[in-house]
>>> print(open('model.txt').read())   # compact mmCIF, C-alpha atoms and all ligand atoms
# COMPACT_ATOMS: atom_id res chain seq x y z
CA MET E 7 0.00 0.00 0.00
CA THR E 8 1.11 3.54 -0.65
CA LEU E 9 0.17 6.55 1.37
CA THR E 10 -2.44 7.59 -1.13
CA SER E 11 -4.11 4.30 -1.86
CA GLY E 12 -7.03 4.60 0.54
CA ILE E 13 -7.09 2.03 3.30
CA ASP E 14 -6.67 -1.22 1.42
CA GLY E 15 -3.62 -3.27 2.07
CA ALA E 16 -4.12 -4.26 5.69
CA ASP E 17 -5.07 -7.88 6.42
CA VAL E 18 -8.72 -6.87 6.94
CA ASP E 19 -10.64 -4.11 5.22
CA PRO E 20 -10.92 -1.74 8.16
CA PHE E 21 -13.49 0.55 6.57
CA GLU E 22 -15.99 -2.21 5.75
CA GLU E 23 -15.53 -3.66 9.19
CA PHE E 24 -15.92 -0.30 10.86
CA ASN E 25 -19.03 0.60 8.89
CA ARG E 26 -20.67 -2.74 9.59
CA ALA E 27 -19.83 -2.57 13.26
CA MET E 28 -21.27 0.93 13.55
CA GLY E 29 -24.54 -0.48 12.14
CA ALA E 30 -24.34 2.00 9.27
CA THR E 31 -26.82 0.32 7.00
CA GLY E 32 -30.28 1.81 7.48
CA ASP E 33 -31.57 5.24 6.58
CA GLU E 34 -33.11 5.82 10.02
CA SER E 35 -33.02 9.38 11.34
CA PRO E 36 -33.10 10.59 14.94
CA TYR E 37 -34.46 14.01 13.93
CA PRO E 38 -38.25 13.36 14.02
CA ASP E 39 -38.01 12.07 17.61
CA LEU E 40 -35.68 14.89 18.60
CA ALA E 41 -38.21 17.42 17.24
CA LEU E 42 -40.97 15.88 19.38
CA ALA E 43 -38.75 15.89 22.46
CA ARG E 44 -37.72 19.50 21.86
CA ALA E 45 -41.34 20.53 21.49
CA SER E 46 -42.14 19.04 24.90
CA ALA E 47 -39.22 20.54 26.88
CA GLN E 48 -35.94 22.38 26.51
CA ILE E 49 -34.36 19.98 28.96
CA LYS E 50 -36.05 16.92 30.33
CA GLU E 51 -35.41 14.26 32.96
CA GLU E 52 -35.36 10.70 31.65
CA VAL E 53 -37.63 8.36 33.58
CA PHE E 54 -36.27 4.86 34.16
CA ASP E 55 -38.63 2.01 34.56
CA ILE E 56 -36.47 -0.14 36.85
CA PRO E 57 -38.44 -3.04 38.37
CA GLN E 58 -38.33 -3.05 42.15
CA VAL E 59 -36.63 -6.13 43.63
CA GLU E 60 -38.42 -7.44 46.69
CA GLY E 61 -36.56 -6.83 49.93
CA GLN E 62 -34.26 -4.28 48.36
CA GLU E 63 -34.41 -0.56 48.75
CA ASP E 64 -34.91 1.65 45.76
CA PRO E 65 -31.68 1.90 43.77
CA PRO E 66 -29.82 5.09 44.69
CA GLY E 67 -31.06 6.35 41.37
CA LEU E 68 -28.99 7.96 38.72
CA ARG E 69 -30.66 11.19 37.66
CA LEU E 70 -30.31 11.62 33.93
CA PHE E 71 -31.42 14.63 31.90
CA THR E 72 -31.29 15.39 28.18
CA ALA E 73 -30.79 18.96 26.94
CA TYR E 74 -32.59 19.47 23.62
CA SER E 75 -33.00 23.16 22.86
CA TYR E 76 -30.20 25.42 21.64
CA ASP E 77 -30.44 27.54 24.80
CA ALA E 78 -30.37 24.55 27.15
CA VAL E 79 -27.39 23.00 25.36
CA GLN E 80 -25.51 26.29 25.35
CA THR E 81 -26.28 26.86 29.05
CA VAL E 82 -24.98 23.42 30.07
CA LEU E 83 -21.80 23.69 27.99
CA GLY E 84 -21.06 27.21 29.19
CA ASP E 85 -21.66 26.63 32.92
CA GLU E 86 -18.63 25.79 35.07
CA HIS E 87 -20.82 23.60 37.28
CA PHE E 88 -20.98 20.94 34.58
CA SER E 89 -17.98 18.62 34.58
CA SER E 90 -16.51 16.49 31.79
CA ALA E 91 -14.83 14.09 34.23
CA GLY E 92 -17.46 11.39 33.55
CA TYR E 93 -15.72 10.57 30.26
CA ALA E 94 -12.88 9.01 32.26
CA GLU E 95 -14.89 5.88 33.01
CA VAL E 96 -15.09 4.59 29.46
CA MET E 97 -12.96 6.79 27.27
CA GLY E 98 -10.17 7.10 29.85
CA LEU E 99 -9.57 3.36 29.57
CA VAL E 100 -8.83 3.75 25.88
CA PHE E 101 -7.25 7.18 25.49
CA GLY E 102 -5.65 7.73 28.88
CA HIS E 103 -6.26 10.99 30.76
CA SER E 104 -7.21 13.14 27.77
CA ILE E 105 -8.22 16.79 27.50
CA LEU E 106 -11.85 15.76 26.99
CA GLU E 107 -12.22 14.58 30.59
CA MET E 108 -10.33 17.46 32.25
CA ASP E 109 -12.00 20.22 34.27
CA GLU E 110 -10.57 23.62 35.18
CA PRO E 111 -7.93 24.63 36.09
CA GLU E 112 -6.11 21.55 34.71
CA HIS E 113 -7.95 21.79 31.40
CA LYS E 114 -6.94 25.38 30.71
CA SER E 115 -3.22 24.92 31.27
CA TYR E 116 -3.12 21.69 29.25
CA ARG E 117 -5.13 23.23 26.41
CA GLY E 118 -2.76 26.21 26.42
CA LEU E 119 0.18 23.89 25.74
CA ILE E 120 -1.60 21.85 23.07
CA GLN E 121 -2.80 24.97 21.29
CA GLN E 122 0.81 25.94 20.57
CA ALA E 123 0.71 23.33 17.80
CA PHE E 124 -2.47 24.76 16.21
CA THR E 125 -1.42 28.30 15.29
CA ARG E 126 -2.63 30.21 12.24
CA LYS E 127 0.86 29.89 10.78
CA ALA E 128 0.83 26.11 11.25
CA MET E 129 -2.58 25.97 9.58
CA GLU E 130 -1.29 27.85 6.52
CA ARG E 131 1.73 25.61 6.25
CA TRP E 132 -0.37 22.43 6.67
CA GLU E 133 -2.77 23.61 3.98
CA ASP E 134 -0.04 24.17 1.36
CA GLU E 135 2.45 21.48 2.30
CA VAL E 136 0.29 18.64 3.62
CA VAL E 137 -3.42 18.83 2.94
CA ARG E 138 -3.59 20.00 -0.69
CA PRO E 139 -0.83 17.72 -2.02
CA LEU E 140 -2.30 14.80 -0.08
CA ILE E 141 -5.82 15.09 -1.45
CA ASN E 142 -4.45 15.53 -4.96
CA ARG E 143 -2.42 12.33 -4.60
CA MET E 144 -5.46 10.48 -3.29
CA ILE E 145 -7.61 11.67 -6.22
CA ASP E 146 -4.85 10.65 -8.68
CA GLU E 147 -5.56 7.04 -7.71
CA PHE E 148 -9.13 6.98 -9.04
CA VAL E 149 -9.60 10.04 -11.25
CA ALA E 150 -9.34 8.02 -14.46
CA ASP E 151 -12.18 5.69 -13.39
CA GLY E 152 -14.96 8.28 -13.84
CA LYS E 153 -16.76 6.91 -10.79
CA THR E 154 -16.04 6.02 -7.17
CA ASP E 155 -17.44 5.58 -3.70
CA LEU E 156 -16.35 8.97 -2.40
CA VAL E 157 -16.62 8.01 1.28
CA ARG E 158 -14.58 4.85 1.12
CA ASN E 159 -11.92 6.01 -1.32
CA LEU E 160 -11.47 9.63 -0.33
CA LEU E 161 -13.36 11.17 2.56
CA PHE E 162 -12.81 8.37 5.09
CA PRO E 163 -9.05 7.83 4.63
CA PHE E 164 -8.26 11.53 3.98
CA PRO E 165 -8.34 12.90 7.58
CA VAL E 166 -6.52 9.83 8.93
CA ASN E 167 -3.83 10.47 6.33
CA VAL E 168 -3.74 14.16 7.31
CA ILE E 169 -3.16 13.24 10.96
CA ALA E 170 -0.47 10.71 10.02
CA GLU E 171 1.33 13.40 8.02
CA LEU E 172 0.88 16.08 10.68
CA ILE E 173 2.37 13.75 13.29
CA GLY E 174 5.13 12.95 10.81
CA LEU E 175 4.77 9.14 10.66
CA PRO E 176 7.09 7.21 8.35
CA ASN E 177 5.32 5.98 5.19
CA GLU E 178 6.03 2.32 5.80
CA ASP E 179 4.11 2.45 9.11
CA LEU E 180 0.90 3.75 7.57
CA PRO E 181 -1.01 0.50 6.87
CA ARG E 182 -0.58 -0.59 10.47
CA PHE E 183 -1.43 2.92 11.72
CA HIS E 184 -4.66 2.88 9.69
CA ARG E 185 -5.74 -0.46 11.03
CA LEU E 186 -5.01 0.51 14.65
CA ALA E 187 -6.74 3.86 14.11
CA VAL E 188 -9.95 2.19 12.95
CA GLU E 189 -9.82 -0.34 15.79
CA LEU E 190 -9.23 2.44 18.32
CA ILE E 191 -12.21 4.51 17.21
CA GLY E 192 -14.44 1.42 17.32
CA VAL E 193 -14.47 1.75 21.12
CA THR E 194 -18.26 1.56 21.34
CA VAL E 195 -18.36 -1.69 19.34
CA ASP E 196 -15.40 -3.69 20.67
CA MET E 197 -13.87 -2.29 23.81
CA ASP E 198 -11.19 -4.99 24.22
CA ARG E 199 -9.93 -4.59 20.69
CA SER E 200 -9.95 -0.83 21.07
CA ILE E 201 -7.88 -1.02 24.28
CA ALA E 202 -5.40 -3.39 22.58
CA ALA E 203 -5.10 -0.98 19.63
CA SER E 204 -4.60 1.89 22.04
CA GLN E 205 -1.75 0.04 23.77
CA ALA E 206 -0.08 -0.82 20.48
CA LEU E 207 -0.36 2.78 19.31
CA GLY E 208 0.95 3.97 22.67
CA GLU E 209 4.11 1.86 22.43
CA TYR E 210 4.66 2.95 18.85
CA PHE E 211 4.12 6.67 19.58
CA LEU E 212 6.25 6.58 22.72
CA GLU E 213 9.36 5.61 20.81
CA LEU E 214 8.77 8.45 18.37
CA ILE E 215 8.12 11.01 21.14
CA ARG E 216 11.40 10.10 22.84
CA GLU E 217 13.27 10.45 19.57
CA ARG E 218 11.76 13.87 18.97
CA ARG E 219 12.22 15.51 22.37
CA GLY E 220 14.66 18.37 21.87
CA GLY E 221 14.25 18.24 18.07
CA ASP E 222 13.21 21.23 16.02
CA GLY E 223 11.09 19.63 13.27
CA PRO E 224 7.75 21.24 12.31
CA ASP E 225 5.65 18.08 12.86
CA LEU E 226 2.93 18.02 15.51
CA MET E 227 4.70 15.45 17.67
CA THR E 228 7.94 17.45 17.85
CA VAL E 229 6.02 20.67 18.57
CA LEU E 230 4.10 18.98 21.40
CA ALA E 231 7.23 17.28 22.77
CA ASN E 232 8.87 20.71 23.07
CA ALA E 233 5.87 22.92 23.98
CA THR E 234 6.59 25.09 27.03
CA GLY E 235 4.06 26.63 29.43
CA PRO E 236 4.30 30.06 31.12
CA HIS E 237 6.15 28.52 34.11
CA GLY E 238 8.52 26.46 31.96
CA GLU E 239 6.38 23.32 32.22
CA HIS E 240 6.37 20.64 29.49
CA LEU E 241 3.89 17.98 28.48
CA THR E 242 4.74 14.54 29.88
CA ASP E 243 4.93 11.46 27.64
CA ASP E 244 1.51 10.32 28.90
CA GLU E 245 -0.06 13.72 28.21
CA ILE E 246 1.24 13.72 24.65
CA LEU E 247 0.13 10.13 24.15
CA ALA E 248 -3.40 10.83 25.38
CA PHE E 249 -3.65 13.73 22.95
CA LEU E 250 -2.31 11.80 19.96
CA ARG E 251 -4.71 8.91 20.60
CA LEU E 252 -7.63 11.31 20.97
CA LEU E 253 -6.79 12.89 17.62
CA LEU E 254 -8.11 9.81 15.85
CA PRO E 255 -11.73 9.87 17.06
CA ALA E 256 -11.77 13.63 17.66
CA GLY E 257 -9.97 14.71 14.52
CA ALA E 258 -10.31 11.98 11.92
CA GLU E 259 -13.68 10.37 12.54
CA THR E 260 -15.58 13.65 12.97
CA THR E 261 -14.02 15.21 9.88
CA TYR E 262 -14.68 12.21 7.63
CA ARG E 263 -18.29 12.16 8.79
CA SER E 264 -18.88 15.91 8.48
CA SER E 265 -17.28 16.23 5.04
CA SER E 266 -19.27 13.19 3.83
CA ASN E 267 -22.50 14.68 5.20
CA LEU E 268 -21.75 17.99 3.49
CA MET E 269 -21.05 16.26 0.17
CA PHE E 270 -24.29 14.31 0.56
CA GLY E 271 -26.19 17.58 1.11
CA LEU E 272 -24.56 19.23 -1.90
CA LEU E 273 -24.91 16.27 -4.26
CA SER E 274 -28.57 15.88 -3.29
CA ASN E 275 -29.15 19.59 -4.00
CA PRO E 276 -27.35 20.14 -7.33
CA GLU E 277 -28.40 23.80 -7.60
CA GLN E 278 -26.54 24.52 -4.34
CA LEU E 279 -23.58 22.48 -5.54
CA ASP E 280 -23.45 24.56 -8.75
CA ALA E 281 -23.70 27.81 -6.82
CA LEU E 282 -20.77 26.79 -4.64
CA ARG E 283 -18.69 25.61 -7.58
CA ASN E 284 -19.19 29.00 -9.24
CA ASP E 285 -18.63 31.14 -6.16
CA PRO E 286 -15.89 30.07 -3.74
CA SER E 287 -16.88 32.88 -1.35
CA LEU E 288 -19.75 30.57 -0.36
CA TYR E 289 -17.41 27.90 1.06
CA PRO E 290 -17.51 29.04 4.70
CA GLN E 291 -21.30 29.18 4.88
CA ALA E 292 -21.66 25.85 3.06
CA ILE E 293 -19.25 24.16 5.47
CA GLU E 294 -21.02 25.58 8.55
CA GLU E 295 -24.45 24.63 7.17
CA GLY E 296 -23.24 21.06 6.62
CA ILE E 297 -22.21 20.80 10.27
CA ARG E 298 -25.42 22.47 11.49
CA TRP E 299 -27.65 20.26 9.34
CA GLU E 300 -25.93 16.92 9.97
CA PRO E 301 -23.37 17.18 12.78
CA PRO E 302 -21.15 14.08 12.78
CA LEU E 303 -21.51 13.62 16.54
CA LEU E 304 -24.97 14.11 18.01
CA LEU E 305 -24.41 13.65 21.72
CA ILE E 306 -21.87 14.64 24.35
CA MET E 307 -22.04 14.24 28.15
CA ARG E 308 -21.68 16.35 31.28
CA THR E 309 -22.23 15.83 35.04
CA ALA E 310 -23.59 18.52 37.38
CA THR E 311 -21.21 19.37 40.25
CA ALA E 312 -23.81 21.56 41.98
CA ASP E 313 -27.55 22.19 41.73
CA VAL E 314 -28.01 24.24 38.57
CA ASP E 315 -31.01 25.88 36.93
CA VAL E 316 -31.12 25.18 33.19
CA CYS E 317 -33.90 27.00 31.33
CA GLY E 318 -36.14 26.84 34.41
CA VAL E 319 -35.45 23.16 35.19
CA SER E 320 -33.51 22.30 38.34
CA VAL E 321 -30.70 19.86 37.60
CA PRO E 322 -29.41 18.43 40.91
CA GLU E 323 -25.77 17.90 41.83
CA GLY E 324 -24.56 14.49 40.59
CA ALA E 325 -27.07 14.30 37.71
CA MET E 326 -25.77 13.39 34.29
CA VAL E 327 -26.82 15.39 31.26
CA ILE E 328 -26.90 14.13 27.70
CA VAL E 329 -26.18 17.21 25.63
CA SER E 330 -27.94 16.77 22.30
CA LEU E 331 -25.94 18.79 19.78
CA GLY E 332 -28.12 17.28 17.05
CA ALA E 333 -31.36 18.49 18.64
CA ALA E 334 -29.91 21.95 19.36
CA ASN E 335 -28.74 22.36 15.78
CA HIS E 336 -32.32 21.73 14.60
CA ASP E 337 -33.99 24.11 17.05
CA GLU E 338 -36.84 25.69 15.10
CA THR E 339 -36.87 28.77 17.33
CA ARG E 340 -33.46 29.58 15.80
CA TRP E 341 -33.66 28.20 12.24
CA ASN E 342 -36.64 27.99 9.89
CA HIS E 343 -37.17 24.51 8.45
CA PRO E 344 -34.10 23.25 10.32
CA GLU E 345 -34.31 19.84 8.61
CA ARG E 346 -33.52 21.46 5.25
CA PHE E 347 -29.98 21.74 3.95
CA ASP E 348 -29.67 25.33 2.75
CA ILE E 349 -26.30 26.99 2.31
CA PHE E 350 -28.08 30.32 1.75
CA ARG E 351 -29.89 30.51 5.09
CA ASP E 352 -29.16 33.42 7.46
CA ARG E 353 -25.87 32.70 9.16
CA LYS E 354 -26.06 32.05 12.89
CA PRO E 355 -23.56 30.10 14.95
CA HIS E 356 -24.44 26.39 15.29
CA ILE E 357 -23.29 24.20 18.15
CA GLY E 358 -21.84 21.21 16.24
CA PHE E 359 -18.35 22.07 17.52
CA ALA E 360 -19.78 22.42 21.07
CA TYR E 361 -19.41 25.61 23.13
CA GLY E 362 -17.53 26.85 26.21
CA PRO E 363 -14.12 25.69 27.44
CA HIS E 364 -14.15 22.36 25.55
CA MET E 365 -15.27 23.85 22.25
CA CYS E 366 -13.51 21.93 19.48
CA LEU E 367 -9.81 22.64 19.44
CA GLY E 368 -9.48 21.40 15.87
CA MET E 369 -12.32 23.32 14.24
CA HIS E 370 -10.06 25.50 12.09
CA LEU E 371 -8.22 22.42 10.89
CA ALA E 372 -11.52 20.65 10.13
CA ARG E 373 -12.79 23.66 8.17
CA MET E 374 -9.53 23.97 6.25
CA GLU E 375 -9.45 20.26 5.37
CA THR E 376 -13.04 20.41 4.15
CA LYS E 377 -12.49 23.57 2.11
CA VAL E 378 -9.41 22.14 0.40
CA ALA E 379 -11.20 18.84 -0.25
CA LEU E 380 -14.09 20.71 -1.92
CA GLU E 381 -11.78 22.90 -4.00
CA VAL E 382 -9.72 19.99 -5.28
CA MET E 383 -12.76 17.76 -5.91
CA PHE E 384 -14.46 20.48 -7.96
CA GLU E 385 -11.27 21.13 -9.91
CA ARG E 386 -10.35 17.51 -10.60
CA LEU E 387 -13.79 15.84 -10.88
CA PRO E 388 -15.78 17.95 -13.38
CA ASN E 389 -19.56 17.82 -13.20
CA LEU E 390 -19.40 15.69 -10.06
CA ARG E 391 -22.82 14.17 -9.34
CA LEU E 392 -24.54 11.24 -7.64
CA ASP E 393 -24.30 8.04 -9.67
CA PRO E 394 -27.75 7.75 -11.35
CA GLU E 395 -27.32 3.97 -11.66
CA VAL E 396 -27.22 3.52 -7.91
CA GLY E 397 -30.39 3.42 -5.83
CA GLU E 398 -31.26 5.92 -3.13
CA GLN E 399 -28.28 7.08 -1.09
CA PHE E 400 -28.64 8.19 2.52
CA ILE E 401 -27.07 9.28 5.79
CA SER E 402 -27.14 6.69 8.54
CA GLY E 403 -26.68 6.44 12.32
CA MET E 404 -28.34 7.62 15.53
CA THR E 405 -25.33 8.91 17.52
CA PHE E 406 -22.62 9.27 14.88
CA ARG E 407 -23.89 10.11 11.43
CA ALA E 408 -22.49 9.75 7.91
CA PRO E 409 -23.48 8.19 4.60
CA PRO E 410 -22.20 4.57 4.58
CA ARG E 411 -21.16 5.18 0.97
CA LEU E 412 -21.48 7.95 -1.61
CA ASP E 413 -21.43 6.69 -5.19
CA VAL E 414 -20.55 9.48 -7.60
CA VAL E 415 -19.64 9.94 -11.26
CA TRP E 416 -17.90 12.77 -13.16
CA ASP E 417 -17.06 13.59 -16.78
C1 LIG J 501 -16.17 18.78 11.65
C2 LIG J 501 -15.29 18.17 12.40
C3 LIG J 501 -15.33 18.21 13.91
C4 LIG J 501 -16.40 18.27 14.75
C5 LIG J 501 -17.89 18.37 14.39
C6 LIG J 501 -15.88 18.29 16.11
C7 LIG J 501 -16.66 18.36 17.26
C8 LIG J 501 -16.16 18.46 18.53
C9 LIG J 501 -16.98 18.55 19.73
C10 LIG J 501 -18.49 18.51 19.76
C11 LIG J 501 -16.14 18.65 20.79
C12 LIG J 501 -16.55 18.79 22.26
C13 LIG J 501 -16.57 17.46 22.97
C14 LIG J 501 -17.00 17.56 24.42
O1 LIG J 501 -16.83 18.60 25.03
O2 LIG J 501 -17.53 16.59 24.95
C15 LIG J 501 -14.79 18.62 20.27
C16 LIG J 501 -13.66 18.71 21.04
C17 LIG J 501 -12.40 18.51 20.54
N1 LIG J 501 -12.03 18.38 19.23
FE1 LIG J 501 -13.23 18.43 17.62
N2 LIG J 501 -14.51 18.21 16.05
C18 LIG J 501 -14.14 18.17 14.73
C19 LIG J 501 -12.84 18.11 14.24
C20 LIG J 501 -11.71 18.09 15.00
C21 LIG J 501 -10.36 18.01 14.47
C22 LIG J 501 -9.96 17.99 13.00
C23 LIG J 501 -9.53 17.94 15.54
C24 LIG J 501 -8.06 17.84 15.44
C25 LIG J 501 -7.23 18.47 16.12
C26 LIG J 501 -10.35 18.02 16.75
C27 LIG J 501 -9.88 18.00 18.04
C28 LIG J 501 -10.67 18.19 19.17
C29 LIG J 501 -10.14 18.21 20.53
C30 LIG J 501 -8.68 18.04 20.91
C31 LIG J 501 -11.21 18.42 21.37
C32 LIG J 501 -11.19 18.53 22.90
C33 LIG J 501 -11.13 19.99 23.28
C34 LIG J 501 -11.21 20.20 24.78
O3 LIG J 501 -11.63 19.28 25.50
O4 LIG J 501 -10.84 21.30 25.23
N3 LIG J 501 -11.68 18.09 16.36
N4 LIG J 501 -14.83 18.52 18.90
>>> encode(input="model.txt", output="structure tokens")
Amino acid sequence: MTLTSGIDGADVDPFEEFNRAMGATGDESPYPDLALARASAQIKEEVFDIPQVEGQEDPPGLRLFTAYSYDAVQTVLGDEHFSSAGYAEVMGLVFGHSILEMDEPEHKSYRGLIQQAFTRKAMERWEDEVVRPLINRMIDEFVADGKTDLVRNLLFPFPVNVIAELIGLPNEDLPRFHRLAVELIGVTVDMDRSIAASQALGEYFLELIRERRGGDGPDLMTVLANATGPHGEHLTDDEILAFLRLLLPAGAETTYRSSSNLMFGLLSNPEQLDALRNDPSLYPQAIEEGIRWEPPLLLIMRTATADVDVCGVSVPEGAMVIVSLGAANHDETRWNHPERFDIFRDRKPHIGFAYGPHMCLGMHLARMETKVALEVMFERLPNLRLDPEVGEQFISGMTFRAPPRLDVVWD
């Protein structure tokens, strides 16, 4: 396998396996139920029907709420009395102590160090030296065919390849890196395999981190290995490892899903696709509308550390809150016909990248990758359209969403 040949070449086909495991087959949508829930309450307590066991007291009772409206979601994410530490229980096992599960003040100082690798200057360099050449090389592999499954052959492997290049991985390690990456992000489907992949990645990364401490290369790993805080502090090996592992689900999976959803929206609305092709100034609003309309990740979690009022509902200390980014992004008090994909709608911030202290650290990278992918696809694949020979195509999934495949043709 070469760097640009998609993800074939490993002993299993990781994409097929991943897609099957994620149950990405049906065209079910969570949005009708979310609309009903949102109409009934901005934030609502879930009622559990746990049968009482004779002779036992009531279970201590987890209190679980779901925030549905834009205001409720924004309030929870912006309030310091909601903690992210609950992620440690499941995700901590796989990623280590990552930024996602940190609260203040630890979160702020760690984020400050990590952010040193995500400067505007780095973004410009990555765009010209990594992202654009990479997507061109990937398109070279299938451009002569006149047709492809865009998800499998471009949009899925692209962000994993970007991360591999940003970290500065040697080419010959890429097939194994891809396989471990897919196994790692399958944490909700096979926890043991995911933990094993995480350990293997950890050992592999650790060697590289040690080699790069004190180096002056521009790659992400060297920058993180040498990042210095205001009091001269450095990131430890474990802190760098946790971040690099998190990059796969946080940076690669979300971006493949969001760019695939955006392409699905555009290809299903050819007049909007044409408008965008003819007017690149529309890229930013098209990219934001894609993430508003079909965010790749619909739910995140928080736990109340005190009694808090959220839109008139009292959420008690210790309660968990499911924060429905999907429901909030379809709030009809903020957007007319929220279920429609419309790159021309009035621009208002969406909440697909979350909000508050944990708001996505990689959003500028995600936007840049998507913009470059669109530009190069439009340039290299003229008259790109859905394959008319293929039946109905759709977006799938209830928690993570993306089209399982996107069959397209061009001239
Ligand atoms: C369209 C693509 C993306 C979407 C929709 C997205 C969405 C999100 C969301 C919702 C969160 C908040 C999670 C929570 O608080 O529970 C988050 C955090 C994060 N994202 Fe992204 N993300 C995307 C791309 C990326 C990329 C490309 C990177 C690569 C660097 C990245 C890195 C991170 C990190 C490190 C965090 C944790 C930030 C913190 O805890 O302070 N994301 N993202």
>>> atom_distance(input="model.txt", atom1="CA of Phe164 (chain E)", atom2="CA of Leu367 (chain E)")
19.1 Å
>>> residues_near_point(input="model.txt", point="(-22.3, 7.8, -3.4)", cutoff="10 Å", atoms="only C-alpha atoms", output="PDB file with C-alpha atoms, keeping the file's coordinate frame")
ATOM      1  CA  LYS E 153     -16.760   6.910 -10.790  1.00  0.00           C
ATOM      2  CA  THR E 154     -16.040   6.020  -7.170  1.00  0.00           C
ATOM      3  CA  ASP E 155     -17.440   5.580  -3.700  1.00  0.00           C
ATOM      4  CA  LEU E 156     -16.350   8.970  -2.400  1.00  0.00           C
ATOM      5  CA  VAL E 157     -16.620   8.010   1.280  1.00  0.00           C
ATOM      6  CA  ARG E 158     -14.580   4.850   1.120  1.00  0.00           C
ATOM      7  CA  SER E 266     -19.270  13.190   3.830  1.00  0.00           C
ATOM      8  CA  MET E 269     -21.050  16.260   0.170  1.00  0.00           C
ATOM      9  CA  PHE E 270     -24.290  14.310   0.560  1.00  0.00           C
ATOM     10  CA  LEU E 273     -24.910  16.270  -4.260  1.00  0.00           C
ATOM     11  CA  ARG E 391     -22.820  14.170  -9.340  1.00  0.00           C
ATOM     12  CA  LEU E 392     -24.540  11.240  -7.640  1.00  0.00           C
ATOM     13  CA  ASP E 393     -24.300   8.040  -9.670  1.00  0.00           C
ATOM     14  CA  PRO E 394     -27.750   7.750 -11.350  1.00  0.00           C
ATOM     15  CA  VAL E 396     -27.220   3.520  -7.910  1.00  0.00           C
ATOM     16  CA  GLY E 397     -30.390   3.420  -5.830  1.00  0.00           C
ATOM     17  CA  GLU E 398     -31.260   5.920  -3.130  1.00  0.00           C
ATOM     18  CA  GLN E 399     -28.280   7.080  -1.090  1.00  0.00           C
ATOM     19  CA  PHE E 400     -28.640   8.190   2.520  1.00  0.00           C
ATOM     20  CA  PRO E 409     -23.480   8.190   4.600  1.00  0.00           C
ATOM     21  CA  PRO E 410     -22.200   4.570   4.580  1.00  0.00           C
ATOM     22  CA  ARG E 411     -21.160   5.180   0.970  1.00  0.00           C
ATOM     23  CA  LEU E 412     -21.480   7.950  -1.610  1.00  0.00           C
ATOM     24  CA  ASP E 413     -21.430   6.690  -5.190  1.00  0.00           C
ATOM     25  CA  VAL E 414     -20.550   9.480  -7.600  1.00  0.00           C
ATOM     26  CA  VAL E 415     -19.640   9.940 -11.260  1.00  0.00           C
TER      27      VAL E 415
END
>>> atom_distance(input="model.txt", atom1="CA of Trp341 (chain E)", atom2="CA of Pro301 (chain E)")
15.1 Å
>>> residues_around(input="model.txt", residues="region 278-284 of chain E", least_positions_apart="6", cutoff="10 Å", atoms="all atoms listed in the file", output="ChimeraX atom specification")
/E:269,271-272,291-292,347-350,380-381,383-385,389-391
>>> atom_distance(input="model.txt", atom1="CA of Glu217 (chain E)", atom2="CA of Leu99 (chain E)")
25.9 Å
